[in-house]
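Note sheet for the following structure.
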Amino acid sequence: MTDVIFRPLAEGEFELFDSYATPPVSGVGERHKPFLQMAQEGEYRHDWLWVALRGDELVARAAFWGPPGSEHAFSLDLLDFQSVEVGAELLKAAYAELVTPGYDTPSGARPDFHLFLPADWRERPDSLADANVRVEAAEKAGLEFHVERLNLRWDASHGLPERSTRLRFEPVTDDEALIEVLTEIVEGSLDAGDQVELLTHTPREVAADTLKVVAEMPGGRDRFRLGYNEAGDLVGAVLPTRNSRFATTGYIGVSPRHRGHGYAFDLLAESMHIFAAEGETVITDNTDVGNVPMAAIFDRIGYRITGRRMIFR
């Protein structure tokens with residue numbers, strides 16, 4: 001490894017990062033836009049982009065991402081290399097510099113690694129091979145598998161579901177009511193992120209942190225809704241918002257006392273109608289592979305699986 005230099009990009013070196021000769025053609029790591037376009041639109045900071053150079057040859061690259069204005073990178077979302085060993089060493093060098101004592105983002109103790117995958121990656125030998133070597137490099141660098149998620153997309157061509165007639169929706173004017181129902185939701189949540197947080201925090205702390213994270217997203221909190229049944233019971237909550245690119249459901253959940261009646265469909269439908277009234281024609285969401293009930297709701301309401309991603313921490 002002594003002949004390989006690991007370093008972040010200097011300002012103006014985006015084209016060096018983009019010059020990597022052999023990116024995968026299997027769909028692993030595929031972006032929704034070309035890298036240079038994303039960089040020029042402010043999606044990446046040069047000092048969060050790391051390269052491994054052997055002389056003048058670019059032999060590995062790693063891209064860390066954070067929302068505009070963020071002090072720290074949130075996640076690693078692109079990793080290419082000529083050998084697992086070089087890839088692992090690049091990650092070690094990047095994480096050692098990026099994860100400073102003041103590191104603080106929703107990702108936790110350090111940036112997550114989001115390995116973007118085709119929807120059918122396990123059935124395709126090329127995608128499976130490209131994924132496996134990246135998993136090996138991540139594990140050699142000290143990262144551990146956290147969860148696999150479905151990337152989901154709805155667009156107007158799929159049609160809007162009918163709006164609920166059995167729930168009444170109210171804007172969130174009382175954070176206490178929202179935190180109370182979120183506390184109930186996270187206690188029995190199938191979401192892997194919630195389950196990890198519950199190992200070290202109380203359900204109420206997890207609920208309060210969830211609200212804080214979603215409320216600070218670019219979409220704000222004006223679309224947040226609480227759903228009540230005909231008896232006036234608070235059934236659940238949905239927090240529609242926007243990330244830096246798309247409309248998205250920041251969080252959705254049904255109180256354990258009201259599960260088993262399909263209310264998640266009603267909550268999600270309300271969120272979709274809120275977005276449609278604003279002229280949104282595309283909504284992107286995701287859910288854990290292991291959250292089978294929620295995945296089924298997304299499918300039934302008209303979302304399509306556009307890919308998958310494995311997350312390592």
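Naming scheme: A, B, ... for chains in displayed order of the structure tokens; residues 1 onward per chain; ligands 1 onward as shown.
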Next on the checklist: Which residues are near range 64-66 of chain A? Cut-off 12 Å, only C-alpha atoms, ignore same chain within fewer than 2 positions. Put them as a PyMOL selection string.
Outcome noted: chain A and resi 8-9+38-39+42-51+61-62+68-79+91+94-95+98-99+104-107+110-115+243-244
Item to check | All residues 12 Å or closer to range 224-237 of chain A, only C-alpha atoms, same chain fewer than 6 positions away omitted, as a ChimeraX atom specification | outcome: /A:164-186,207,211,214-215,248-275
Item to check | Contacts of range 82-87 of chain A at 9 Å (only C-alpha atoms; same-chain gap of 5+ positions) as an MDAnalysis selection string | outcome: chainID A and resid 1 4 22 52 59:62 92 133:134 136:138 140:141
Take the selection from the previous step and output its residues with C-alpha atoms, as a tab-separated table (two decimals), in the first residue's frame.
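Output saved as out.tsv:
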chain	number	residue	atom	x	y	z
A	1	MET	CA	0.00	0.00	0.00
A	4	VAL	CA	-0.85	4.49	-2.93
A	22	THR	CA	-13.94	1.25	-14.53
A	52	ALA	CA	-6.67	6.71	-3.86
A	59	VAL	CA	-7.43	3.41	-8.28
A	60	ALA	CA	-10.29	4.04	-5.82
A	61	ARG	CA	-12.81	6.72	-4.91
A	62	ALA	CA	-15.33	7.33	-2.15
A	92	LYS	CA	-10.18	3.88	6.89
A	133	VAL	CA	-16.74	-6.87	-3.01
A	134	ARG	CA	-18.03	-3.57	-1.63
A	136	GLU	CA	-16.12	-7.01	1.92
A	137	ALA	CA	-14.27	-3.68	1.74
A	138	ALA	CA	-16.73	-2.01	4.12
A	140	LYS	CA	-12.56	-4.73	6.39
A	141	ALA	CA	-12.77	-1.02	7.17
Checklist entry - Between CA of Leu152 in chain A and CA of Gly307 in chain A, what is the spacing in Å? => result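 One can read the CA of Gly307 in chain A to CA of Leu152 in chain A distance as 7.3 Å.
Shortest atom-to-atom contact with Val238 in chain A among A:Arg221, A:Arg149, A:His32, A:His201: A:Arg221, counting only C-alpha atoms.
Using only C-alpha atoms, the shortest contact distance between Asp80 in chain A and any of A:Gln40, A:Gly29, A:Leu117, A:Glu123 is found at A:Gly29.
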Checklist entry - Which value, in Å to one decimal, gives the distance between CA of Asp56 in chain A and CA of Val28 in chain A? => result 25.7 Å
Item to check | Interatomic distance (Å, one decimal) between CA of Arg223 in chain A and CA of Gly279 in chain A | outcome: 13.9 Å
Item to check | Residue nearest Thr202 in chain A - candidates A:Gly220, A:Glu187, A:Arg163, A:Leu16, atoms counted: only C-alpha atoms | outcome: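 The closest residue to Thr202 in chain A is A:Glu187.
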